[in-house]
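The file run.txt comes next; it holds compact mmCIF, C-alpha atoms.
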```txt
# COMPACT_ATOMS: atom_id res chain seq x y z
CA MET A 1 66.73 130.27 201.17
CA THR A 2 63.77 129.37 203.27
CA ASP A 3 60.44 128.11 201.99
CA HIS A 4 58.97 131.39 202.87
CA ASP A 5 61.52 133.24 200.74
CA LYS A 6 60.88 130.88 197.82
CA ASP A 7 57.21 131.46 198.09
CA GLN A 8 57.80 135.18 198.08
CA GLN A 9 60.00 134.94 194.98
CA ASN A 10 57.40 132.86 193.13
CA ARG A 11 54.70 135.34 193.93
CA ALA A 12 56.94 138.21 192.77
CA GLU A 13 57.59 136.45 189.47
CA GLU A 14 53.88 135.77 189.06
CA PHE A 15 53.15 139.42 189.70
CA LEU A 16 55.84 140.43 187.23
CA GLN A 17 54.32 138.16 184.60
CA VAL A 18 50.86 139.64 185.23
CA PHE A 19 52.33 143.14 185.11
CA LYS A 20 54.09 142.39 181.82
CA LYS A 21 50.86 141.05 180.33
CA GLY A 22 49.08 144.19 181.57
CA ALA A 23 51.75 146.35 179.97
CA GLU A 24 51.42 144.48 176.68
CA PHE A 25 47.63 144.78 176.79
CA THR A 26 47.87 148.51 177.48
CA HIS A 27 50.30 148.86 174.61
CA ASP A 28 47.90 147.02 172.29
CA LEU A 29 45.04 149.23 173.50
CA LEU A 30 47.01 152.38 172.80
CA LYS A 31 47.80 151.18 169.30
CA GLU A 32 44.18 150.28 168.65
CA ASN A 33 43.15 153.66 169.98
CA GLU A 34 45.58 155.41 167.65
CA ARG A 35 44.29 153.37 164.68
CA LEU A 36 40.67 154.22 165.55
CA ARG A 37 41.45 157.90 165.98
CA TYR A 38 43.09 157.89 162.60
CA GLN A 39 40.03 156.19 161.10
CA ASN A 40 37.74 158.66 162.82
CA LEU A 41 39.71 161.55 161.40
CA GLU A 42 39.51 160.05 157.97
CA ILE A 43 35.70 159.60 158.26
CA GLU A 44 35.30 163.15 159.49
CA GLN A 45 37.32 164.45 156.58
CA GLN A 46 35.26 162.38 154.17
CA LEU A 47 32.04 163.66 155.74
CA GLN A 48 33.20 167.23 155.47
CA HIS A 49 34.12 166.67 151.91
CA LEU A 50 30.77 165.01 151.20
CA HIS A 51 28.89 167.80 152.93
CA ALA A 52 30.76 170.39 150.98
CA SER A 53 30.35 168.60 147.68
CA SER A 54 26.67 167.51 148.13
CA ALA A 55 25.08 170.47 149.96
CA GLY A 56 26.86 173.53 148.69
CA ALA A 57 25.91 174.26 145.06
CA PRO A 58 22.42 172.66 144.92
CA SER A 59 21.17 174.49 148.03
CA GLU A 60 21.84 177.76 146.27
CA GLU A 61 19.86 176.51 143.31
CA LEU A 62 17.07 175.44 145.62
CA LEU A 63 17.08 178.80 147.31
CA LYS A 64 16.75 180.46 143.94
CA LYS A 65 13.87 178.16 143.08
CA ILE A 66 12.16 178.89 146.39
CA GLU A 67 12.63 182.61 145.82
CA LYS A 68 11.13 182.31 142.33
CA LEU A 69 8.19 180.28 143.61
CA GLU A 70 7.61 182.78 146.39
CA MET A 71 7.51 185.57 143.83
CA GLU A 72 5.08 183.61 141.67
CA LYS A 73 2.92 182.91 144.71
CA LYS A 74 2.95 186.62 145.55
CA GLU A 75 1.98 187.49 141.98
CA ILE A 76 -0.83 184.91 141.94
CA LEU A 77 -2.15 186.17 145.27
CA GLY A 78 -2.06 189.69 143.88
CA ARG A 79 -3.98 188.57 140.82
CA ILE A 80 -6.56 186.75 142.97
CA LYS A 81 -7.00 189.92 145.03
CA HIS A 82 -7.42 191.93 141.84
CA VAL A 83 -9.96 189.45 140.42
CA GLU A 84 -11.85 189.42 143.71
CA ALA A 85 -11.99 193.22 143.70
CA GLU A 86 -13.21 193.13 140.09
CA ASN A 87 -15.84 190.54 141.06
CA ILE A 88 -17.13 192.76 143.84
CA ASP A 89 -17.15 195.69 141.44
CA PHE A 90 -19.06 193.65 138.83
CA ALA A 91 -21.54 192.45 141.46
CA ASN A 92 -22.15 196.04 142.58
CA ARG A 93 -22.54 197.19 139.00
CA TYR A 94 -24.92 194.29 138.32
CA VAL A 95 -27.10 195.36 141.25
CA GLU A 96 -26.96 198.97 140.04
CA ILE A 97 -27.92 197.95 136.50
CA GLU A 98 -30.70 195.72 137.82
CA ASN A 99 -32.03 198.64 139.85
CA GLU A 100 -31.82 200.89 136.81
CA ASN A 101 -33.61 198.22 134.81
CA ASN A 102 -36.26 197.93 137.49
CA MET A 103 -36.67 201.70 137.48
CA LEU A 104 -36.90 201.90 133.69
CA ALA A 105 -39.39 199.03 133.57
CA ASN A 106 -41.55 200.78 136.15
CA LEU A 107 -41.34 204.09 134.31
CA TYR A 108 -42.06 202.49 130.94
CA ILE A 109 -45.09 200.58 132.23
CA ALA A 110 -46.43 203.57 134.15
CA SER A 111 -46.08 205.78 131.09
CA TYR A 112 -47.55 203.11 128.78
CA GLN A 113 -50.56 202.61 131.04
CA LEU A 114 -51.15 206.33 131.52
CA HIS A 115 -51.46 206.86 127.78
CA SER A 116 -53.32 203.63 127.05
CA THR A 117 -56.77 205.23 127.40
CA LEU A 118 -58.64 208.46 126.78
CA ASP A 119 -61.31 207.68 129.34
CA PHE A 120 -61.03 210.13 132.24
CA LYS A 121 -62.09 207.60 134.90
CA GLU A 122 -59.71 204.98 133.53
CA VAL A 123 -56.83 207.46 133.60
CA LEU A 124 -57.58 208.22 137.25
CA GLN A 125 -57.67 204.46 137.94
CA VAL A 126 -54.28 203.98 136.27
CA ILE A 127 -52.80 206.77 138.41
CA LEU A 128 -54.20 205.12 141.54
CA GLU A 129 -52.70 201.77 140.48
CA ILE A 130 -49.30 203.32 139.82
CA VAL A 131 -49.23 205.04 143.20
CA ILE A 132 -50.33 201.85 145.03
CA ASN A 133 -48.26 199.27 143.16
CA LEU A 134 -45.16 201.17 142.12
CA ILE A 135 -44.77 203.74 144.88
CA GLY A 136 -46.40 201.79 147.71
CA ALA A 137 -48.92 204.27 149.08
CA GLU A 138 -51.92 203.16 151.14
CA GLU A 139 -53.87 206.39 151.63
CA PHE A 140 -53.73 209.09 148.99
CA SER A 141 -55.82 211.28 146.75
CA ILE A 142 -55.79 213.01 143.36
CA LEU A 143 -56.98 216.60 143.62
CA LEU A 144 -57.77 218.68 140.54
CA LEU A 145 -57.81 222.45 140.32
CA ASP A 146 -61.11 224.10 139.54
CA GLU A 147 -59.95 227.15 137.61
CA LYS A 148 -63.22 228.99 138.25
CA THR A 149 -63.02 228.76 142.05
CA ASN A 150 -59.21 228.37 142.29
CA ARG A 151 -59.70 225.47 144.68
CA LEU A 152 -58.27 221.96 144.65
CA GLN A 153 -60.82 219.18 145.03
CA ALA A 154 -60.42 215.38 145.40
CA VAL A 155 -61.56 213.43 142.32
CA ALA A 156 -60.13 209.97 143.13
CA SER A 157 -58.79 208.44 146.33
CA GLU A 158 -57.42 205.20 147.73
CA GLY A 159 -57.88 204.22 151.37
CA LEU A 160 -59.95 207.38 151.87
CA GLU A 161 -63.27 208.78 150.67
CA ASN A 162 -63.17 211.82 148.37
CA LYS A 163 -65.65 213.59 150.62
CA GLU A 164 -63.33 213.16 153.64
CA ILE A 165 -60.71 215.32 152.03
CA PRO A 166 -61.18 219.09 152.36
CA THR A 167 -60.82 221.45 149.41
CA PHE A 168 -57.71 223.64 149.34
CA GLU A 169 -57.38 227.22 148.18
CA LEU A 170 -54.60 227.76 145.64
CA GLY A 171 -51.57 229.19 147.45
CA GLU A 172 -52.81 228.29 150.94
CA GLY A 173 -51.14 225.75 153.19
CA ILE A 174 -48.65 223.16 151.99
CA ILE A 175 -50.93 221.68 149.30
CA GLY A 176 -52.15 225.04 147.98
CA ARG A 177 -48.59 226.39 147.94
CA MET A 178 -47.17 223.39 146.07
CA ALA A 179 -50.01 223.70 143.53
CA LYS A 180 -49.13 227.36 143.06
CA THR A 181 -45.35 226.99 142.86
CA GLY A 182 -45.30 223.62 141.08
CA GLU A 183 -42.73 222.23 143.51
CA ASN A 184 -42.74 218.73 145.00
CA TYR A 185 -43.15 218.38 148.75
CA PHE A 186 -41.77 215.52 150.87
CA ILE A 187 -42.13 215.35 154.63
CA ASP A 188 -38.81 215.53 156.54
CA GLU A 189 -39.50 212.69 158.96
CA LEU A 190 -41.78 209.78 158.15
CA GLU A 191 -41.47 208.13 161.55
CA GLY A 192 -44.23 209.06 163.94
CA TYR A 193 -46.27 210.82 161.25
CA GLU A 194 -50.01 210.95 161.88
CA ARG A 195 -52.43 211.77 159.13
CA ASP A 196 -53.23 215.43 158.78
CA PHE A 197 -55.07 216.43 155.59
CA HIS A 198 -53.26 219.77 155.57
CA HIS A 199 -49.80 218.24 156.14
CA PRO A 200 -49.36 215.28 153.77
CA VAL A 201 -46.38 212.94 153.50
CA VAL A 202 -45.97 213.86 149.85
CA CYS A 203 -47.53 216.43 147.55
CA ILE A 204 -46.79 216.22 143.82
CA PRO A 205 -48.18 218.90 141.52
CA LEU A 206 -49.53 217.63 138.19
CA LYS A 207 -48.03 219.96 135.60
CA ILE A 208 -48.31 220.54 131.88
CA LYS A 209 -45.14 222.52 131.34
CA GLU A 210 -45.47 225.11 134.14
CA HIS A 211 -49.26 224.98 134.29
CA VAL A 212 -50.50 223.07 137.36
CA ILE A 213 -53.81 221.23 136.88
CA GLY A 214 -53.89 219.42 140.21
CA VAL A 215 -51.88 217.52 142.82
CA ILE A 216 -51.37 214.02 144.16
CA VAL A 217 -51.26 213.97 147.95
CA ILE A 218 -50.10 210.94 149.91
CA TYR A 219 -51.12 210.53 153.57
CA LYS A 220 -49.94 207.01 154.35
CA LEU A 221 -47.48 204.52 152.92
CA LEU A 222 -47.81 200.73 152.99
CA VAL A 223 -46.51 199.23 156.24
CA GLN A 224 -43.55 197.62 154.46
CA LYS A 225 -42.60 200.86 152.70
CA GLU A 226 -40.18 202.52 155.09
CA LYS A 227 -38.66 205.19 152.89
CA PHE A 228 -38.60 206.56 149.36
CA ASN A 229 -36.07 205.21 146.86
CA ASP A 230 -34.53 206.81 143.79
CA VAL A 231 -37.14 205.13 141.60
CA ASP A 232 -39.91 206.79 143.62
CA TYR A 233 -38.57 210.27 142.90
CA GLU A 234 -38.32 209.36 139.20
CA LEU A 235 -41.89 208.08 139.31
CA PHE A 236 -43.07 211.25 140.99
CA THR A 237 -41.40 213.29 138.26
CA LEU A 238 -43.02 211.09 135.62
CA LEU A 239 -46.40 211.35 137.29
CA ALA A 240 -46.09 215.12 137.51
CA GLY A 241 -45.88 215.35 133.73
CA HIS A 242 -47.45 212.25 132.18
CA ALA A 243 -50.39 211.97 134.57
CA ALA A 244 -51.16 215.65 134.02
CA THR A 245 -51.25 215.32 130.22
CA ALA A 246 -53.21 212.05 130.44
CA ILE A 247 -55.79 213.69 132.74
CA PHE A 248 -55.97 216.82 130.60
CA SER A 249 -56.36 214.93 127.29
CA SER A 250 -58.92 212.48 128.66
CA LYS A 251 -60.94 215.35 130.16
CA LEU A 252 -60.90 217.19 126.84
CA TYR A 253 -61.80 214.01 124.97
CA THR A 254 -64.64 213.16 127.35
CA GLU A 255 -65.98 216.73 127.12
CA SER A 256 -65.75 216.78 123.32
CA GLU A 257 -67.44 213.36 123.18
CA ARG A 258 -70.25 214.69 125.34
CA LYS A 259 -70.58 217.84 123.19
CA LEU A 260 -70.51 215.76 120.03
CA ASN A 261 -73.27 213.53 121.38
CA THR A 262 -75.35 216.60 122.28
CA ILE A 263 -74.85 218.11 118.81
CA GLN A 264 -75.56 214.77 117.17
CA GLY A 265 -78.75 214.46 119.23
CA PHE A 266 -79.77 217.99 118.24
CA ILE A 267 -79.08 217.29 114.54
CA ASP A 268 -81.04 214.05 114.74
CA LEU A 269 -83.94 215.93 116.33
CA MET A 270 -83.86 218.59 113.61
CA THR A 271 -83.61 216.19 110.70
CA LYS A 272 -86.27 213.69 111.81
CA MET B 1 -34.09 173.94 126.90
CA SER B 2 -37.22 173.22 128.97
CA THR B 3 -40.21 175.51 128.83
CA TYR B 4 -42.12 176.31 131.99
CA ASN B 5 -45.74 177.44 132.03
CA VAL B 6 -46.32 180.34 134.39
CA LEU B 7 -49.72 181.77 135.34
CA VAL B 8 -50.02 185.40 136.50
CA VAL B 9 -53.31 186.19 138.26
CA GLU B 10 -53.70 189.93 138.84
CA ASP B 11 -56.64 192.29 138.32
CA SER B 12 -54.58 195.45 137.86
CA PRO B 13 -53.39 195.72 134.21
CA THR B 14 -50.47 197.92 135.30
CA MET B 15 -49.34 195.41 137.86
CA ARG B 16 -49.91 192.45 135.55
CA GLN B 17 -47.87 194.10 132.84
CA LEU B 18 -45.06 194.76 135.29
CA ILE B 19 -44.99 191.14 136.51
CA VAL B 20 -45.06 189.81 132.94
CA PHE B 21 -42.33 192.29 131.97
CA ALA B 22 -40.15 190.94 134.80
CA LEU B 23 -40.86 187.27 134.00
CA LYS B 24 -40.04 187.77 130.33
CA ARG B 25 -36.48 188.37 131.39
CA VAL B 26 -36.25 184.75 132.52
CA ARG B 27 -35.57 182.44 129.58
CA GLY B 28 -37.83 179.51 128.88
CA LEU B 29 -41.05 180.82 130.44
CA ASN B 30 -44.42 180.69 128.74
CA ILE B 31 -46.53 183.29 130.54
CA VAL B 32 -50.33 183.18 130.71
CA GLU B 33 -52.34 186.03 132.26
CA ALA B 34 -55.59 185.90 134.24
CA ASN B 35 -57.71 188.88 135.43
CA ASP B 36 -58.95 187.37 138.70
CA GLY B 37 -59.25 184.16 140.71
CA VAL B 38 -62.08 182.69 138.62
CA ASP B 39 -60.25 183.41 135.38
CA GLY B 40 -57.16 181.86 136.94
CA LEU B 41 -59.04 178.68 137.91
CA LYS B 42 -60.44 178.36 134.37
CA LYS B 43 -56.94 178.53 132.95
CA ILE B 44 -55.63 176.04 135.49
CA SER B 45 -58.35 173.56 134.49
CA THR B 46 -57.36 173.66 130.81
CA GLU B 47 -53.58 173.92 131.08
CA LYS B 48 -50.87 172.59 133.37
CA PHE B 49 -48.73 175.26 135.05
CA ASP B 50 -45.32 174.96 136.70
CA LEU B 51 -45.60 178.19 138.69
CA ILE B 52 -48.49 180.43 139.75
CA LEU B 53 -48.18 184.07 140.84
CA THR B 54 -51.29 185.68 142.28
CA ASP B 55 -52.47 188.89 143.89
CA ILE B 56 -54.65 188.69 147.02
CA ASN B 57 -57.12 191.54 146.68
CA MET B 58 -59.09 190.83 143.50
CA PRO B 59 -62.76 191.04 142.55
CA ILE B 60 -64.94 187.90 142.16
CA MET B 61 -62.40 185.55 143.78
CA ASP B 62 -59.45 186.65 145.88
CA GLY B 63 -55.98 185.15 145.79
CA LEU B 64 -56.23 183.24 149.07
CA LYS B 65 -59.36 181.42 147.93
CA LEU B 66 -57.60 180.61 144.68
CA VAL B 67 -54.56 179.21 146.54
CA SER B 68 -56.71 176.95 148.76
CA LEU B 69 -58.69 175.65 145.75
CA VAL B 70 -55.53 175.01 143.76
CA ARG B 71 -53.94 173.17 146.68
CA ASN B 72 -56.95 170.85 146.90
CA ASP B 73 -56.35 169.73 143.32
CA PRO B 74 -54.04 166.65 143.43
CA ASN B 75 -52.37 167.80 140.19
CA TYR B 76 -51.34 171.05 141.86
CA LYS B 77 -50.39 169.97 145.37
CA ASP B 78 -46.66 170.50 144.65
CA VAL B 79 -46.81 173.37 142.16
CA PRO B 80 -45.18 176.49 143.64
CA ILE B 81 -47.49 179.44 144.29
CA VAL B 82 -46.28 182.99 144.92
CA ILE B 83 -48.44 185.69 146.47
CA ILE B 84 -47.84 189.26 145.33
CA THR B 85 -49.69 191.73 147.52
CA THR B 86 -49.87 195.10 149.24
CA GLU B 87 -50.60 193.32 152.55
CA GLY B 88 -47.28 193.53 154.35
CA ALA B 89 -48.22 192.48 157.88
CA ASN B 90 -46.64 189.29 159.25
CA GLU B 91 -50.01 187.72 160.05
CA ASP B 92 -51.08 188.13 156.39
CA LYS B 93 -47.93 186.39 155.27
CA GLU B 94 -48.34 183.59 157.81
CA ARG B 95 -51.95 183.04 156.75
CA ALA B 96 -50.99 182.82 153.07
CA MET B 97 -48.13 180.41 153.78
CA ALA B 98 -50.41 178.27 155.97
CA ILE B 99 -52.93 177.95 153.12
CA GLY B 100 -50.19 176.66 150.85
CA ALA B 101 -48.29 179.56 149.26
CA ASN B 102 -44.56 178.99 148.72
CA ASP B 103 -43.45 182.61 148.73
CA TYR B 104 -44.81 186.04 149.57
CA ILE B 105 -43.79 189.23 147.76
CA THR B 106 -45.02 192.61 148.96
CA LYS B 107 -45.71 195.70 146.85
CA PRO B 108 -44.33 198.09 145.72
CA ILE B 109 -43.04 195.55 143.32
CA GLN B 110 -39.37 194.91 142.58
CA THR B 111 -38.78 193.15 139.27
CA ILE B 112 -35.51 191.74 140.65
CA LYS B 113 -37.43 190.02 143.43
CA ILE B 114 -39.94 188.45 141.01
CA ILE B 115 -37.12 187.14 138.81
CA GLU B 116 -35.21 185.76 141.80
CA VAL B 117 -38.27 183.97 143.24
CA ALA B 118 -39.33 182.52 139.84
CA ARG B 119 -35.82 181.19 139.20
CA ARG B 120 -35.55 179.72 142.68
CA LEU B 121 -38.93 177.97 142.62
CA LEU B 122 -38.43 176.60 139.12
CA ASN B 123 -34.82 175.64 139.82
CA ILE B 124 -33.48 177.45 136.76
```
In structure tokens, write the structure found in this file.
Amino acid sequence: MTDHDKDQQNRAEEFLQVFKKGAEFTHDLLKENERLRYQNLEIEQQLQHLHASSAGAPSEELLKKIEKLEMEKKEILGRIKHVEAENIDFANRYVEIENENNMLANLYIASYQLHSTLDFKEVLQVILEIVINLIGAEEFSILLLDEKTNRLQAVASEGLENKEIPTFELGEGIIGRMAKTGENYFIDELEGYERDFHHPVVCIPLKIKEHVIGVIVIYKLLVQKEKFNDVDYELFTLLAGHAATAIFSSKLYTESERKLNTIQGFIDLMTK
Amino acid sequence: MSTYNVLVVEDSPTMRQLIVFALKRVRGLNIVEANDGVDGLKKISTEKFDLILTDINMPIMDGLKLVSLVRNDPNYKDVPIVIITTEGANEDKERAMAIGANDYITKPIQTIKIIEVARRLLNI
């Protein structure tokens, strides 16, 4: 055997040794791998078991709880909606009641003031105040019917002079017709209206039962008064009756006072 | 409960009665009435008021004169004053506010408005 052959044999043995070690190492690796796979399987099984045992039953309970809470939330939201609707309803009713109250207060005070005096001039003044302050008129007049001439003549005015206003024949034109029929007149369109003594904005006959003693005619409203409200129509109705009786009674009283004074003067003259 | 003194200056008895009627619906108000600006000033000189409501168009002394005189009084420089009037033009309102009024109510009168303004200015 040559040196070369010996060298070759040594190298072959070395290689064989290395190969054997490699084989052993691979064998060890395969064993380790098997052990780890087994462990992994065990962990997975444990996890599955844990998942099944920890998440299964309580999640159902939780779902039920969530469902219950959702229902409660829905019910509460429904109640809130209902309460809100009731609140709006109450607020609307409050405004309505306040308006009614306002209307009743106005009517009560107007009526109280109309019957607070028997002086003819004071009664006319009260009517003027009611029409200015409660209705909001700027130019208007009270016309009374002279039963001898059958003509309506201005006796008190605001924003106008009595002498400016013409007299009206009973039954003629809007004012005369309203005085004859006893019906209220309201102009159709306030916007763009220009004063015309024969075509007022409003004409309200003053009536004692069905007997008309005069009219209130309005020619101009205050700048801030854009339209008539419910309370205005109520006030017009009140004025139609109460103002008429107040005017009639005060006129009678003033006349009787004057007659009484004349008689008293005559008696005094006779007895002195 | 506090009591607030309120002065109503208005020449029309109908209007005055209506304002007083509205104010009586607010609890804790002691209401004093005056027929015109001069009568109002007399009452202001003898009594302290927490709120003054006044008309503009009045005989003897009008509401604007009353407001300017009241504002010159150091005791009344912060007392709220409300104008109640038929004058609805913006320039009328501006003039009244410039003199020292705190609020401006136009006629025809709404009792709700009077109550709301009184409550607001008196913080009740």
**Report entry** Selection: 6 Å around range 31-33 of chain B, only C-alpha atoms, excl. self and same-chain fewer than 4 positions, as a list of chain:residue names
**Finding:**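 The residues satisfying every condition are B:Val6, B:Leu7, B:Val8.
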Report task. Dump as a ChimeraX atom specification the residues of chain B that approach chain A to within 9 Å, counting all atoms listed in the file. Result -> /B:12-15,17-18,21-22,85-89,106-112
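For the pair CA of Arg95 in chain B and CA of Asp78 in chain B, the interatomic distance is 18.2 Å.
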**Report entry** Top pick for closest residue to Ser116 in chain A, considering A:Ala85, A:Glu24, A:Ala243, A:Val155 and counting all atoms listed in the file
**Finding:**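 The closest residue to Ser116 in chain A is A:Ala243.
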Report task. Using all atoms listed in the file, give me every residue within 12 Å of (-48.7, 185.4, 147.4) in file coordinates, as a PyMOL selection string. Result -> chain B and resi 8-10+51-57+62-68+80-88+92-107+114+117
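Between CA of Arg120 in chain B and CA of Lys48 in chain B lies a distance of 19.3 Å.
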Query raised in the report: So how many Å separate CA of Asp11 in chain B and CA of Val123 in chain A, to one decimal?
Result: 15.9 Å
Query raised in the report: Using only C-alpha atoms, which residues sit within 8 Å of range 174-191 of chain A once same-chain residues fewer than 6 positions away are excluded, as a list in words?
Result: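 Answer for this query is Leu152, Phe168, His198, His199, Pro200, Val201, Val202, Cys203, Ile204, Pro205, Leu206, Lys207, Glu210, His211, Val212, Gly214, Val215, Val217 and Lys227 of chain A.
With all atoms listed in the file as the atoms that count, the minimum distance from Ser141 in chain A to the choices A:Ser250, A:Leu118, A:Ile165, A:Gln8 is reached by A:Ile165.
Between Gly37 in chain B and the candidates B:Ser2, B:Arg16, B:Pro59, B:Leu23, the tightest atom-to-atom separation, counting all atoms listed in the file, involves B:Pro59.
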N, CA and C atoms modelled onto range 35-55 of chain B, as a PDB file, keeping the file's coordinate frame:
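As a result, part-v7.pdb now contains:
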```
ATOM      1  N   ASN B  35     -57.257 187.613 134.829  1.00  0.00           N
ATOM      2  CA  ASN B  35     -57.710 188.880 135.430  1.00  0.00           C
ATOM      3  C   ASN B  35     -58.131 188.765 136.890  1.00  0.00           C
ATOM      4  N   ASP B  36     -58.517 187.569 137.308  1.00  0.00           N
ATOM      5  CA  ASP B  36     -58.950 187.370 138.700  1.00  0.00           C
ATOM      6  C   ASP B  36     -58.881 185.889 139.046  1.00  0.00           C
ATOM      7  N   GLY B  37     -59.332 185.537 140.252  1.00  0.00           N
ATOM      8  CA  GLY B  37     -59.250 184.160 140.710  1.00  0.00           C
ATOM      9  C   GLY B  37     -60.029 183.182 139.844  1.00  0.00           C
ATOM     10  N   VAL B  38     -61.234 183.580 139.429  1.00  0.00           N
ATOM     11  CA  VAL B  38     -62.080 182.690 138.620  1.00  0.00           C
ATOM     12  C   VAL B  38     -61.419 182.443 137.260  1.00  0.00           C
ATOM     13  N   ASP B  39     -60.945 183.526 136.661  1.00  0.00           N
ATOM     14  CA  ASP B  39     -60.250 183.410 135.380  1.00  0.00           C
ATOM     15  C   ASP B  39     -58.999 182.514 135.537  1.00  0.00           C
ATOM     16  N   GLY B  40     -58.344 182.679 136.656  1.00  0.00           N
ATOM     17  CA  GLY B  40     -57.160 181.860 136.940  1.00  0.00           C
ATOM     18  C   GLY B  40     -57.514 180.386 137.029  1.00  0.00           C
ATOM     19  N   LEU B  41     -58.594 180.085 137.757  1.00  0.00           N
ATOM     20  CA  LEU B  41     -59.040 178.680 137.910  1.00  0.00           C
ATOM     21  C   LEU B  41     -59.390 178.060 136.562  1.00  0.00           C
ATOM     22  N   LYS B  42     -60.068 178.856 135.700  1.00  0.00           N
ATOM     23  CA  LYS B  42     -60.440 178.360 134.370  1.00  0.00           C
ATOM     24  C   LYS B  42     -59.185 177.954 133.612  1.00  0.00           C
ATOM     25  N   LYS B  43     -58.173 178.804 133.692  1.00  0.00           N
ATOM     26  CA  LYS B  43     -56.940 178.530 132.950  1.00  0.00           C
ATOM     27  C   LYS B  43     -56.197 177.327 133.522  1.00  0.00           C
ATOM     28  N   ILE B  44     -56.274 177.186 134.840  1.00  0.00           N
ATOM     29  CA  ILE B  44     -55.630 176.040 135.490  1.00  0.00           C
ATOM     30  C   ILE B  44     -56.295 174.730 135.067  1.00  0.00           C
ATOM     31  N   SER B  45     -57.628 174.789 134.852  1.00  0.00           N
ATOM     32  CA  SER B  45     -58.350 173.560 134.490  1.00  0.00           C
ATOM     33  C   SER B  45     -58.065 173.112 133.057  1.00  0.00           C
ATOM     34  N   THR B  46     -57.595 174.042 132.216  1.00  0.00           N
ATOM     35  CA  THR B  46     -57.360 173.660 130.810  1.00  0.00           C
ATOM     36  C   THR B  46     -55.872 173.487 130.488  1.00  0.00           C
ATOM     37  N   GLU B  47     -55.016 173.963 131.367  1.00  0.00           N
ATOM     38  CA  GLU B  47     -53.580 173.920 131.080  1.00  0.00           C
ATOM     39  C   GLU B  47     -52.802 173.590 132.352  1.00  0.00           C
ATOM     40  N   LYS B  48     -51.683 172.924 132.195  1.00  0.00           N
ATOM     41  CA  LYS B  48     -50.870 172.590 133.370  1.00  0.00           C
ATOM     42  C   LYS B  48     -49.797 173.685 133.556  1.00  0.00           C
ATOM     43  N   PHE B  49     -49.712 174.214 134.777  1.00  0.00           N
ATOM     44  CA  PHE B  49     -48.730 175.260 135.050  1.00  0.00           C
ATOM     45  C   PHE B  49     -47.642 174.780 136.019  1.00  0.00           C
ATOM     46  N   ASP B  50     -46.446 175.332 135.841  1.00  0.00           N
ATOM     47  CA  ASP B  50     -45.320 174.960 136.700  1.00  0.00           C
ATOM     48  C   ASP B  50     -45.122 175.965 137.832  1.00  0.00           C
ATOM     49  N   LEU B  51     -45.726 177.143 137.671  1.00  0.00           N
ATOM     50  CA  LEU B  51     -45.600 178.190 138.690  1.00  0.00           C
ATOM     51  C   LEU B  51     -46.818 179.113 138.582  1.00  0.00           C
ATOM     52  N   ILE B  52     -47.350 179.516 139.744  1.00  0.00           N
ATOM     53  CA  ILE B  52     -48.490 180.430 139.750  1.00  0.00           C
ATOM     54  C   ILE B  52     -48.141 181.641 140.618  1.00  0.00           C
ATOM     55  N   LEU B  53     -48.365 182.845 140.056  1.00  0.00           N
ATOM     56  CA  LEU B  53     -48.180 184.070 140.840  1.00  0.00           C
ATOM     57  C   LEU B  53     -49.539 184.745 140.928  1.00  0.00           C
ATOM     58  N   THR B  54     -49.953 185.083 142.131  1.00  0.00           N
ATOM     59  CA  THR B  54     -51.290 185.680 142.280  1.00  0.00           C
ATOM     60  C   THR B  54     -51.327 186.819 143.291  1.00  0.00           C
ATOM     61  N   ASP B  55     -52.194 187.785 142.972  1.00  0.00           N
ATOM     62  CA  ASP B  55     -52.470 188.890 143.890  1.00  0.00           C
ATOM     63  C   ASP B  55     -53.452 188.371 144.949  1.00  0.00           C
TER      64      ASP B  55
END
```
